[in-house]
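The structure file protein.txt is reproduced below (compact mmCIF, C-alpha atoms).
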# COMPACT_ATOMS: atom_id res chain seq x y z
CA MET A 1 -14.87 15.22 27.95
CA LYS A 2 -17.50 15.09 25.27
CA HIS A 3 -15.07 16.50 22.71
CA PHE A 4 -12.38 14.09 23.88
CA LEU A 5 -14.72 11.11 23.37
CA SER A 6 -15.68 12.39 19.95
CA VAL A 7 -12.01 12.68 18.91
CA PHE A 8 -11.22 9.26 20.43
CA THR A 9 -14.14 7.65 18.60
CA ALA A 10 -13.10 9.27 15.31
CA ILE A 11 -9.56 7.99 15.70
CA LEU A 12 -10.77 4.50 16.61
CA LEU A 13 -13.10 4.32 13.63
CA SER A 14 -10.39 5.59 11.32
CA PHE A 15 -8.06 2.65 11.98
CA PRO A 16 -9.89 0.35 9.54
CA LEU A 17 -9.77 3.11 6.94
CA PHE A 18 -6.04 3.54 7.37
CA SER A 19 -5.50 -0.22 7.22
CA GLN A 20 -7.43 -0.40 3.96
CA GLU A 21 -5.06 2.12 2.44
CA LYS A 22 -2.01 0.05 3.33
CA GLU A 23 -0.95 -2.27 0.53
CA LEU A 24 -0.87 -5.95 1.49
CA LYS A 25 1.75 -8.23 -0.01
CA PRO A 26 0.42 -11.79 -0.30
CA VAL A 27 2.94 -14.45 -1.37
CA SER A 28 2.83 -17.92 -2.90
CA LEU A 29 5.56 -20.52 -3.43
CA GLU A 30 5.80 -23.05 -6.26
CA ALA A 31 7.84 -26.14 -7.08
CA ASP A 32 7.56 -28.22 -10.23
CA PHE A 33 9.42 -30.87 -12.23
CA PHE A 34 9.85 -30.93 -16.01
CA TYR A 35 10.81 -33.46 -18.69
CA GLY A 36 11.41 -32.55 -22.32
CA THR A 37 13.55 -32.47 -25.42
CA VAL A 38 16.04 -30.08 -27.04
CA LEU A 39 14.60 -28.71 -30.30
CA GLU A 40 16.85 -28.87 -33.36
CA HIS A 41 16.49 -25.25 -34.43
CA ASN A 42 19.94 -25.39 -36.04
CA PRO A 43 21.53 -28.48 -37.71
CA ASP A 44 24.86 -27.52 -36.14
CA ILE A 45 23.62 -28.73 -32.74
CA GLU A 46 22.35 -32.14 -33.91
CA HIS A 47 25.20 -33.92 -32.10
CA LEU A 48 24.12 -32.29 -28.81
CA ILE A 49 20.61 -33.80 -28.83
CA THR A 50 21.18 -37.20 -27.24
CA GLY A 51 18.80 -37.35 -24.28
CA HIS A 52 15.69 -35.86 -22.70
CA PRO A 53 16.40 -32.91 -20.39
CA THR A 54 14.99 -33.02 -16.88
CA GLY A 55 14.92 -30.42 -14.13
CA PHE A 56 12.88 -28.35 -11.73
CA PHE A 57 11.57 -24.84 -11.05
CA LEU A 58 11.33 -23.11 -7.66
CA SER A 59 9.31 -19.87 -7.74
CA PHE A 60 8.45 -17.02 -5.37
CA ASN A 61 5.34 -15.04 -6.38
CA ARG A 62 3.98 -11.71 -5.19
CA LYS A 63 0.24 -11.91 -5.68
CA THR A 64 -1.57 -8.74 -6.70
CA TYR A 65 -5.20 -7.90 -5.96
CA GLY A 66 -5.76 -4.52 -7.61
CA PHE A 67 -4.28 -2.09 -5.08
CA ASN A 68 -2.44 -0.35 -7.94
CA GLU A 69 -4.02 0.72 -11.21
CA TRP A 70 -1.77 -1.39 -13.45
CA GLU A 71 -2.79 -4.54 -11.54
CA ARG A 72 -6.46 -3.95 -12.30
CA ARG A 73 -5.79 -3.20 -15.94
CA TYR A 74 -3.92 -6.50 -16.40
CA ASN A 75 -6.36 -8.74 -14.49
CA TYR A 76 -4.29 -8.98 -11.27
CA PRO A 77 -1.02 -10.56 -12.50
CA ASP A 78 1.72 -12.02 -10.30
CA TRP A 79 5.38 -11.11 -10.36
CA GLY A 80 8.34 -12.73 -8.69
CA PHE A 81 11.52 -14.76 -9.01
CA THR A 82 12.35 -18.26 -10.28
CA VAL A 83 15.33 -20.57 -9.92
CA ALA A 84 15.58 -23.34 -12.52
CA TYR A 85 17.92 -26.32 -12.77
CA GLN A 86 18.23 -28.33 -15.98
CA ASN A 87 20.19 -31.50 -16.72
CA LEU A 88 20.42 -31.65 -20.52
CA HIS A 89 21.52 -35.32 -20.46
CA ASN A 90 24.36 -34.67 -22.87
CA ASP A 91 28.04 -35.04 -21.97
CA TYR A 92 28.98 -31.81 -23.76
CA LEU A 93 26.12 -29.56 -22.57
CA GLY A 94 26.12 -30.71 -18.93
CA ASN A 95 23.89 -28.92 -16.41
CA VAL A 96 22.57 -25.35 -16.36
CA LEU A 97 21.34 -23.30 -13.39
CA GLY A 98 19.26 -20.17 -14.04
CA ALA A 99 17.84 -17.28 -11.99
CA TYR A 100 14.93 -15.24 -13.40
CA GLY A 101 12.57 -12.40 -12.78
CA HIS A 102 9.10 -13.30 -14.03
CA ILE A 103 5.56 -12.01 -14.51
CA THR A 104 2.40 -14.11 -14.76
CA TRP A 105 -0.89 -13.32 -16.50
CA TYR A 106 -4.17 -15.14 -15.85
CA PHE A 107 -7.03 -16.05 -18.20
CA LEU A 108 -10.24 -18.12 -18.23
CA ASN A 109 -11.35 -17.28 -14.70
CA ARG A 110 -7.71 -17.61 -13.51
CA ASN A 111 -7.52 -21.28 -14.53
CA LEU A 112 -4.99 -20.62 -17.28
CA MET A 113 -1.71 -18.82 -16.65
CA VAL A 114 1.03 -17.62 -18.98
CA ARG A 115 4.38 -16.79 -17.38
CA VAL A 116 7.43 -15.18 -18.96
CA GLY A 117 10.80 -15.14 -17.21
CA GLN A 118 14.07 -13.44 -18.13
CA GLY A 119 17.39 -13.92 -16.37
CA ILE A 120 20.93 -15.24 -16.27
CA ALA A 121 22.07 -18.87 -16.31
CA TYR A 122 25.31 -20.62 -15.41
CA SER A 123 26.56 -23.43 -17.66
CA ALA A 124 28.83 -25.94 -15.94
CA LYS A 125 30.42 -27.13 -19.22
CA PRO A 126 30.73 -24.29 -21.78
CA PHE A 127 32.78 -24.45 -24.98
CA ASP A 128 36.51 -24.93 -24.51
CA THR A 129 39.00 -25.36 -27.35
CA GLU A 130 40.77 -28.18 -25.51
CA SER A 131 38.39 -29.85 -23.07
CA ASN A 132 34.92 -29.29 -24.60
CA TYR A 133 35.17 -28.20 -28.23
CA ASN A 134 32.00 -30.15 -29.13
CA ASN A 135 29.80 -27.72 -27.18
CA ASN A 136 29.15 -25.18 -29.94
CA ALA A 137 25.89 -24.08 -28.26
CA TYR A 138 27.28 -22.26 -25.20
CA GLY A 139 30.37 -20.11 -25.72
CA THR A 140 30.45 -18.80 -22.13
CA GLU A 141 29.66 -19.92 -18.61
CA LEU A 142 27.14 -17.10 -18.13
CA LEU A 143 24.19 -17.14 -20.53
CA SER A 144 21.12 -15.05 -21.16
CA THR A 145 18.02 -17.15 -20.62
CA THR A 146 14.28 -16.83 -21.18
CA PHE A 147 11.41 -19.15 -20.38
CA LEU A 148 7.76 -19.23 -21.41
CA LYS A 149 5.32 -21.29 -19.37
CA GLY A 150 1.68 -22.06 -20.15
CA ASN A 151 -0.13 -23.96 -17.39
CA TYR A 152 -3.53 -25.06 -16.19
CA VAL A 153 -3.75 -23.77 -12.61
CA ARG A 154 -5.86 -24.50 -9.54
CA GLU A 155 -4.77 -22.45 -6.52
CA ASN A 156 -5.71 -22.86 -2.86
CA ILE A 157 -7.67 -26.08 -3.27
CA TRP A 158 -7.00 -27.14 0.30
CA LYS A 159 -5.47 -24.97 3.00
CA GLY A 160 -3.40 -22.94 0.60
CA LEU A 161 -2.23 -25.90 -1.48
CA GLY A 162 -2.78 -26.00 -5.23
CA PHE A 163 -1.39 -27.61 -8.37
CA HIS A 164 -0.47 -26.70 -11.94
CA ALA A 165 0.57 -28.53 -15.11
CA GLY A 166 1.39 -27.64 -18.69
CA PHE A 167 4.35 -26.89 -20.94
CA THR A 168 7.52 -24.80 -20.77
CA ILE A 169 10.02 -23.53 -23.36
CA ILE A 170 13.50 -22.63 -22.03
CA HIS A 171 16.04 -20.74 -24.14
CA TYR A 172 19.78 -20.37 -23.41
CA SER A 173 22.08 -18.08 -25.41
CA ASN A 174 24.90 -15.59 -24.81
CA ALA A 175 23.69 -13.34 -27.68
CA ASN A 176 27.09 -13.45 -29.39
CA PHE A 177 28.88 -12.12 -26.32
CA LYS A 178 31.47 -14.74 -27.23
CA ALA A 179 31.62 -17.38 -29.98
CA PRO A 180 30.34 -20.02 -30.46
CA ASN A 181 26.69 -19.28 -29.78
CA ASN A 182 24.30 -21.69 -31.46
CA SER A 183 22.12 -21.77 -28.29
CA THR A 184 19.50 -24.34 -27.22
CA ASN A 185 15.72 -24.38 -26.87
CA THR A 186 14.13 -26.97 -24.59
CA PHE A 187 10.46 -27.89 -24.93
CA ALA A 188 9.24 -29.58 -21.76
CA LEU A 189 6.13 -30.79 -19.97
CA ASN A 190 5.93 -29.68 -16.34
CA ALA A 191 3.78 -30.33 -13.29
CA GLY A 192 3.96 -29.12 -9.70
CA VAL A 193 2.37 -27.75 -6.57
CA SER A 194 1.88 -24.31 -5.05
CA TYR A 195 1.30 -23.00 -1.55
CA GLN A 196 -0.27 -19.67 -0.65
CA LEU A 197 1.33 -18.50 2.60
CA ASP A 198 -1.44 -16.20 3.81
CA TYR A 199 -4.42 -17.93 2.23
CA LYS A 200 -6.64 -17.19 5.23
CA GLU A 201 -6.09 -13.41 4.99
CA PHE A 202 -5.90 -13.08 1.21
CA PRO A 203 -7.64 -9.78 0.33
CA GLU A 204 -10.63 -9.42 -1.95
CA TYR A 205 -9.84 -8.38 -5.51
CA ILE A 206 -10.36 -4.63 -5.84
CA LYS A 207 -12.70 -3.74 -8.68
CA LYS A 208 -12.56 -0.04 -9.41
CA GLU A 209 -13.66 2.14 -12.30
CA ASP A 210 -10.36 3.53 -13.54
CA SER A 211 -10.11 6.32 -16.05
CA LEU A 212 -10.45 5.38 -19.72
CA SER A 213 -7.24 3.99 -21.12
CA ARG A 214 -7.02 6.68 -23.79
CA THR A 215 -6.88 9.42 -21.15
CA HIS A 216 -3.23 8.40 -20.63
CA ALA A 217 -2.39 9.43 -24.20
CA GLU A 218 0.45 11.94 -24.58
CA ARG A 219 1.69 14.28 -27.28
CA PHE A 220 4.69 13.31 -29.41
CA LYS A 221 7.88 12.97 -27.37
CA TYR A 222 11.46 13.10 -28.68
CA ASN A 223 14.06 10.62 -27.44
CA LEU A 224 17.83 10.22 -27.55
CA ALA A 225 19.38 6.92 -26.44
CA PHE A 226 22.88 5.48 -26.12
CA ARG A 227 23.45 1.71 -26.04
CA THR A 228 26.64 -0.28 -25.58
CA GLY A 229 28.05 -3.72 -24.81
CA ILE A 230 30.54 -6.33 -25.98
CA ASN A 231 30.14 -9.01 -28.65
CA GLU A 232 32.06 -11.22 -31.07
CA SER A 233 31.54 -12.61 -34.56
CA ASP A 234 30.75 -16.28 -35.14
CA VAL A 235 34.40 -16.94 -36.00
CA VAL A 236 35.96 -18.43 -32.87
CA GLY A 237 39.10 -16.61 -31.78
CA LEU A 238 38.60 -13.23 -33.48
CA GLY A 239 38.05 -11.69 -30.06
CA GLN A 240 35.43 -9.65 -28.24
CA GLU A 241 34.97 -6.02 -29.20
CA PRO A 242 32.85 -3.15 -27.79
CA PHE A 243 29.98 -1.70 -29.78
CA TYR A 244 28.07 1.58 -29.55
CA VAL A 245 24.61 2.52 -30.81
CA ILE A 246 23.14 6.03 -30.94
CA SER A 247 19.37 6.21 -31.43
CA ALA A 248 17.11 9.18 -32.07
CA PHE A 249 13.39 8.54 -32.20
CA VAL A 250 9.93 9.93 -31.60
CA ASP A 251 7.24 8.21 -29.55
CA LYS A 252 3.48 8.63 -29.26
CA ARG A 253 1.68 7.13 -26.30
CA ILE A 254 -1.90 6.40 -27.38
CA ASN A 255 -3.32 4.89 -24.16
CA TYR A 256 -2.34 3.35 -20.82
CA LYS A 257 -0.77 0.24 -22.38
CA SER A 258 0.60 1.23 -25.78
CA THR A 259 3.24 3.58 -27.16
CA PHE A 260 4.36 3.62 -30.81
CA THR A 261 7.90 4.62 -31.83
CA ALA A 262 9.84 5.45 -35.00
CA GLY A 263 13.42 6.58 -35.44
CA VAL A 264 17.01 6.10 -36.58
CA ASP A 265 19.86 3.90 -35.25
CA VAL A 266 23.56 4.45 -35.96
CA PHE A 267 25.62 1.31 -35.23
CA PHE A 268 29.34 1.36 -34.46
CA SER A 269 29.93 -2.42 -34.27
CA THR A 270 33.72 -2.70 -34.05
CA PHE A 271 33.70 -6.52 -34.19
CA LEU A 272 32.82 -6.11 -37.88
CA LYS A 273 36.19 -4.41 -38.51
CA GLU A 274 38.01 -7.60 -37.52
CA LEU A 275 35.53 -9.80 -39.38
CA ILE A 276 35.93 -7.78 -42.60
CA LYS A 277 39.73 -8.05 -42.40
CA TYR A 278 39.55 -11.77 -41.68
CA ARG A 279 37.20 -12.54 -44.57
CA SER A 280 39.17 -10.40 -47.03
CA ILE A 281 42.21 -12.64 -46.36
CA ALA A 282 40.59 -16.02 -45.70
CA TYR A 283 37.99 -15.80 -48.48
CA PRO A 284 39.42 -13.75 -51.37
CA GLU A 285 36.63 -15.04 -53.60
CA ASP A 286 34.25 -12.73 -51.68
CA GLY A 287 35.90 -9.76 -53.34
CA LEU A 288 36.44 -7.79 -50.11
CA SER A 289 39.25 -5.23 -49.91
CA GLY A 290 39.35 -5.21 -46.09
CA ASP A 291 38.67 -1.47 -45.99
CA GLU A 292 34.86 -1.65 -46.14
CA ASP A 293 33.07 0.58 -43.64
CA TYR A 294 31.90 -1.32 -40.55
CA LYS A 295 29.29 1.27 -39.57
CA ARG A 296 25.57 0.84 -40.31
CA VAL A 297 22.53 3.13 -40.22
CA GLY A 298 19.02 1.80 -39.76
CA VAL A 299 15.49 3.15 -39.56
CA PHE A 300 12.91 1.45 -37.37
CA VAL A 301 9.31 1.40 -36.16
CA GLY A 302 8.30 -0.10 -32.85
CA HIS A 303 5.91 -0.55 -29.98
CA GLU A 304 6.17 -0.35 -26.19
CA TRP A 305 3.80 -2.37 -24.02
CA ARG A 306 3.60 -0.49 -20.73
CA PHE A 307 3.32 -1.98 -17.24
CA ASN A 308 3.31 1.01 -14.93
CA LYS A 309 6.93 2.29 -15.19
CA VAL A 310 8.18 -0.78 -17.08
CA ALA A 311 7.77 -1.38 -20.82
CA PHE A 312 8.34 -4.35 -23.11
CA VAL A 313 10.08 -3.00 -26.22
CA SER A 314 9.71 -4.45 -29.72
CA GLN A 315 11.17 -2.85 -32.85
CA LEU A 316 11.62 -3.78 -36.49
CA GLY A 317 14.30 -2.01 -38.52
CA TYR A 318 15.96 -1.81 -41.93
CA TYR A 319 19.56 -0.83 -42.68
CA VAL A 320 19.54 2.06 -45.15
CA TYR A 321 23.36 2.24 -44.99
CA TRP A 322 24.86 -1.28 -45.16
CA PRO A 323 28.30 -1.20 -46.82
CA TYR A 324 29.29 -4.66 -45.54
CA GLU A 325 26.67 -7.36 -46.07
CA PHE A 326 26.50 -8.86 -42.58
CA GLU A 327 23.52 -11.18 -41.94
CA ASN A 328 20.65 -9.30 -43.67
CA ARG A 329 19.26 -5.79 -43.96
CA VAL A 330 16.28 -6.39 -41.68
CA TYR A 331 16.88 -6.32 -37.93
CA ASN A 332 14.78 -6.47 -34.78
CA ARG A 333 15.12 -5.42 -31.16
CA LEU A 334 13.37 -6.90 -28.12
CA GLY A 335 13.81 -6.10 -24.44
CA LEU A 336 12.75 -4.24 -21.34
CA LYS A 337 12.78 -0.55 -20.48
CA ARG A 338 12.33 1.18 -17.10
CA TYR A 339 11.27 4.82 -16.82
CA PHE A 340 12.40 7.23 -14.07
CA PHE A 341 11.79 10.85 -13.06
CA SER A 342 8.30 11.36 -14.50
CA ASP A 343 9.16 9.29 -17.58
CA LYS A 344 11.93 11.67 -18.68
CA VAL A 345 14.84 9.26 -18.16
CA PHE A 346 14.95 5.57 -19.04
CA ALA A 347 17.25 2.56 -18.87
CA ALA A 348 16.92 -0.46 -21.10
CA VAL A 349 18.29 -3.94 -21.75
CA THR A 350 17.55 -5.17 -25.27
CA VAL A 351 18.65 -7.82 -27.76
CA HIS A 352 19.63 -6.65 -31.24
CA ALA A 353 19.04 -9.52 -33.68
CA HIS A 354 18.42 -10.53 -37.27
CA TRP A 355 15.20 -12.52 -36.94
CA ALA A 356 16.10 -15.40 -34.57
CA LYS A 357 19.89 -14.82 -34.70
CA ALA A 358 21.08 -12.49 -31.95
CA GLU A 359 23.90 -10.05 -32.63
CA ALA A 360 24.28 -8.41 -29.21
CA VAL A 361 22.78 -7.64 -25.82
CA GLU A 362 22.53 -3.84 -25.52
CA PHE A 363 22.61 -1.89 -22.26
CA GLY A 364 21.14 1.55 -22.81
CA ILE A 365 20.21 4.83 -21.20
CA GLY A 366 18.19 7.65 -22.68
CA TYR A 367 16.40 10.96 -22.26
CA ARG A 368 12.82 11.74 -23.28
CA LEU A 369 11.79 15.33 -24.06

Written as C-alpha cells, how would this file's structure read?
Amino acid sequence: MKHFLSVFTAILLSFPLFSQEKELKPVSLEADFFYGTVLEHNPDIEHLITGHPTGFFLSFNRKTYGFNEWERRYNYPDWGFTVAYQNLHNDYLGNVLGAYGHITWYFLNRNLMVRVGQGIAYSAKPFDTESNYNNNAYGTELLSTTFLKGNYVRENIWKGLGFHAGFTIIHYSNANFKAPNNSTNTFALNAGVSYQLDYKEFPEYIKKEDSLSRTHAERFKYNLAFRTGINESDVVGLGQEPFYVISAFVDKRINYKSTFTAGVDVFFSTFLKELIKYRSIAYPEDGLSGDEDYKRVGVFVGHEWRFNKVAFVSQLGYYVYWPYEFENRVYNRLGLKRYFFSDKVFAAVTVHAHWAKAEAVEFGIGYRL
C-alpha cells in the first residue's frame, strides 16, 4: 500500500510537469479599416489614380510565448492569416480581395509592431482588350500581393480588447505572368481593434538561456536547385511561355539566423525567343537579326534569414552571359524557402526581378549536400 501511495503521489505531482511541456496555442483576432492613396510609381498608371482607396483587414493571429527556440530568439513574434478587401475607387481598377499568410515582430516593449504578409489577390476588373483596356496595372484576375504594416499597438487593455493604429503599404502585381503588369502600390493609414480569446489563461513568456547563436554555424554546403513557371513579355498578345532556371550554389550558415550564399544561375526564358523575333520585325532600327540567343547566365551572392525551418531569401546577381539586352544586367531575387528532411531538401517561391520590375514568379525545389 505504501508503494502504491508513493506511485500514485508521483503520478499526481507529475501532471503539472506534463502540462507545462504541452505547447499552448493562444489566439487573437483583429479588424481594422484603412484609407489611402495609390502611389504613382510609374507614369503609365497616372490615369488610374482618381480616388482614395478604402478597405479593411481581418486577421487571425497565433501568439507565441517562447515555447520554441525560434520564438525566443525573435522576441515572441505572432504568425497567422489575413483577409483584406480594397476598393480602389477607380472605374478601371475596381475592387480587390486578398488572402495572406503573415508574421509580426514586436519592438519597444511590444508597443510597436511590424507585420509582413504575402498572398494571392483576386481582381474583379482585370485588363481586357475589349471591356477594360484602360486597366494596364492588372493583367490577370489572380495577382501576387504583399503588405507591410507598421502600427502602434496596445493589447488586452480591457478584458482582452486592444487597439492599434499606423500605416500600411499594399502591393498588387502578377509578376509578368501575363501582360500588362504595371501593378499598384497603395499607401494607407489604418486603425482597428483586437481581441485576445484566452486572455485570462495567456501563459507567461518563457525566458530561457539558449545556446549561443554561432553554435548553429555549419560547414560549407553545396546546393542544386531547379525553378520553373510561366511568364510573358510586356508586349500584350505575344503569349505566355514556360521558363526554366538551373542554379548551383554554395551556402555557409554562420549562426542561428543567417546563411550566406553564392552561385550561378542558368536561365532558359523562352518568352525572350518570341520577344526577340517580334522586335527584329517591328523595330528594324534595333539591328536585331531575330536569331539572338535567349539564354542567360548569371552569378549571384545572397543571404538567407532563417526562422526555424523557413528562410527569407535575398539575392543580387549579374548576367555574365547576356546576348540579348533585356532590361539590365543586374538582377535580384526575393522570396521564401522551406527546408525538409534535416535541411537536405528545400522548396521555394521567389520573384526574379530587375530592381523593382518583376520578370517572373519562380517555383523551385532543390537538394542540399

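Comparing the minimum interatomic distances between Asn231 (chain A) and each of A:Glu274, A:Glu69, A:Asp78, A:Asp91, counting only C-alpha atoms, we find that A:Glu274 sits nearest.
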
If we draw a sphere of 10 Å around (-3.3, -19.7, 4.0), which residues have at least one atom in it when counting all atoms listed in the file? Please report them as a compact mmCIF listing (two decimals) with C-alpha atoms, keeping the file's coordinate frame.
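And here's result-v3.txt as it stands now:
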# COMPACT_ATOMS: atom_id res chain seq x y z
CA PRO A 26 0.42 -11.79 -0.30
CA VAL A 27 2.94 -14.45 -1.37
CA SER A 28 2.83 -17.92 -2.90
CA ASN A 156 -5.71 -22.86 -2.86
CA TRP A 158 -7.00 -27.14 0.30
CA LYS A 159 -5.47 -24.97 3.00
CA GLY A 160 -3.40 -22.94 0.60
CA LEU A 161 -2.23 -25.90 -1.48
CA TYR A 195 1.30 -23.00 -1.55
CA GLN A 196 -0.27 -19.67 -0.65
CA LEU A 197 1.33 -18.50 2.60
CA ASP A 198 -1.44 -16.20 3.81
CA TYR A 199 -4.42 -17.93 2.23
CA LYS A 200 -6.64 -17.19 5.23
CA GLU A 201 -6.09 -13.41 4.99
CA PHE A 202 -5.90 -13.08 1.21

For this session: Dump as JSON, numbers by chain all residues having an atom at most 10 Å from (-3.9, -2.7, -16.6), computed in the file's coordinates with all atoms listed in the file.
Result: {"A": [66, 68, 69, 70, 71, 72, 73, 74, 75, 76, 77, 210, 213, 256, 257, 306, 307, 308]}

Exercise. So which one's closest to Phe220 (chain A), A:Tyr65, A:Phe340, A:Ser247, A:Leu369? Using only C-alpha atoms, please.
Worked result: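 Checking each candidate against Phe220 (chain A), we get A:Leu369 as the closest.
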
Problem set entry | d(CA of Ile276 (chain A), CA of Tyr133 (chain A)) in Å | 25.0 Å

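The interatomic distance for the pair CA of Val351 (chain A) and CA of Ala188 (chain A) works out to 24.5 Å.
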
Exercise. With distances taken over all atoms listed in the file, which of A:His47, A:His102, A:His303, A:Lys125 is nearest to Phe249 (chain A)?
Worked result: A:His303

Problem set entry | Nearest to Ile170 (chain A), chosen from A:Asn135, A:Gln86, A:Ser314, A:Gln240, with all atoms listed in the file counted in the distances | A:Gln86

All residues 10 Å or closer to Tyr278 (chain A), only C-alpha atoms, same chain fewer than 3 positions away omitted, as a PDB file with C-alpha atoms, in the frame of the given file:
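Listing of result-v2.pdb after writing:
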ATOM      1  CA  VAL A 235      34.400 -16.940 -36.000  1.00  0.00           C
ATOM      2  CA  LEU A 238      38.600 -13.230 -33.480  1.00  0.00           C
ATOM      3  CA  LEU A 272      32.820  -6.110 -37.880  1.00  0.00           C
ATOM      4  CA  LYS A 273      36.190  -4.410 -38.510  1.00  0.00           C
ATOM      5  CA  GLU A 274      38.010  -7.600 -37.520  1.00  0.00           C
ATOM      6  CA  LEU A 275      35.530  -9.800 -39.380  1.00  0.00           C
ATOM      7  CA  ILE A 281      42.210 -12.640 -46.360  1.00  0.00           C
ATOM      8  CA  ALA A 282      40.590 -16.020 -45.700  1.00  0.00           C
ATOM      9  CA  TYR A 283      37.990 -15.800 -48.480  1.00  0.00           C
ATOM     10  CA  PRO A 284      39.420 -13.750 -51.370  1.00  0.00           C
ATOM     11  CA  LEU A 288      36.440  -7.790 -50.110  1.00  0.00           C
ATOM     12  CA  GLY A 290      39.350  -5.210 -46.090  1.00  0.00           C
TER      13      GLY A 290
END

Problem set entry | For Asn223 (chain A): contacts at 10 Å, all atoms listed in the file, fewer than 3 positions along chain excluded, given as a ChimeraX atom specification | /A:220,247-251,261,263,344-346,366-369

Exercise. Near Thr186 (chain A), within 7 Å and counting all atoms listed in the file, which residues show up once chain neighbours fewer than 3 positions away are dropped, as a VMD selection string?
Worked result: chain A and resid 36 to 39 169 to 171

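The two atoms in question, CA of Thr140 (chain A) and CA of Gly51 (chain A), are spaced 22.0 Å apart.
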
Residue rebuild result region 35-50 of chain A, N, CA, C and O atoms as a tab-separated table (two decimals), in the coordinates of the input:
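Once everything was written out, this is rebuild-v1.tsv:
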chain	number	residue	atom	x	y	z
A	35	TYR	N	10.17	-32.44	-17.85
A	35	TYR	CA	10.81	-33.46	-18.69
A	35	TYR	C	10.56	-33.07	-20.14
A	35	TYR	O	9.43	-32.75	-20.52
A	36	GLY	N	11.63	-33.04	-20.97
A	36	GLY	CA	11.41	-32.55	-22.32
A	36	GLY	C	12.44	-33.00	-23.32
A	36	GLY	O	13.08	-34.05	-23.17
A	37	THR	N	12.61	-32.18	-24.35
A	37	THR	CA	13.55	-32.47	-25.42
A	37	THR	C	14.16	-31.17	-25.93
A	37	THR	O	13.51	-30.12	-25.88
A	38	VAL	N	15.40	-31.24	-26.43
A	38	VAL	CA	16.04	-30.08	-27.04
A	38	VAL	C	15.61	-30.01	-28.50
A	38	VAL	O	15.76	-30.99	-29.25
A	39	LEU	N	15.07	-28.87	-28.93
A	39	LEU	CA	14.60	-28.71	-30.30
A	39	LEU	C	15.79	-28.46	-31.23
A	39	LEU	O	16.70	-27.67	-30.90
A	40	GLU	N	15.76	-29.06	-32.40
A	40	GLU	CA	16.85	-28.87	-33.36
A	40	GLU	C	16.54	-27.65	-34.24
A	40	GLU	O	16.13	-27.77	-35.40
A	41	HIS	N	16.75	-26.48	-33.68
A	41	HIS	CA	16.49	-25.25	-34.43
A	41	HIS	C	17.63	-24.94	-35.40
A	41	HIS	O	17.50	-24.07	-36.26
A	42	ASN	N	18.75	-25.62	-35.22
A	42	ASN	CA	19.94	-25.39	-36.04
A	42	ASN	C	20.62	-26.75	-36.24
A	42	ASN	O	20.92	-27.44	-35.27
A	43	PRO	N	20.89	-27.17	-37.49
A	43	PRO	CA	21.53	-28.48	-37.71
A	43	PRO	C	22.91	-28.61	-37.08
A	43	PRO	O	23.39	-29.72	-36.87
A	44	ASP	N	23.53	-27.48	-36.75
A	44	ASP	CA	24.86	-27.52	-36.14
A	44	ASP	C	24.85	-28.09	-34.72
A	44	ASP	O	25.92	-28.40	-34.18
A	45	ILE	N	23.66	-28.19	-34.10
A	45	ILE	CA	23.62	-28.73	-32.74
A	45	ILE	C	23.05	-30.15	-32.70
A	45	ILE	O	22.73	-30.67	-31.62
A	46	GLU	N	22.94	-30.79	-33.86
A	46	GLU	CA	22.35	-32.14	-33.91
A	46	GLU	C	23.08	-33.11	-32.99
A	46	GLU	O	22.47	-33.95	-32.33
A	47	HIS	N	24.40	-33.00	-32.92
A	47	HIS	CA	25.20	-33.92	-32.10
A	47	HIS	C	24.99	-33.70	-30.61
A	47	HIS	O	25.41	-34.54	-29.79
A	48	LEU	N	24.35	-32.58	-30.23
A	48	LEU	CA	24.12	-32.29	-28.81
A	48	LEU	C	22.76	-32.80	-28.32
A	48	LEU	O	22.47	-32.71	-27.13
A	49	ILE	N	21.95	-33.32	-29.21
A	49	ILE	CA	20.61	-33.80	-28.83
A	49	ILE	C	20.68	-35.31	-28.69
A	49	ILE	O	20.48	-36.07	-29.65
A	50	THR	N	20.99	-35.76	-27.48
A	50	THR	CA	21.18	-37.20	-27.24
A	50	THR	C	20.27	-37.74	-26.15
A	50	THR	O	20.16	-38.96	-25.98
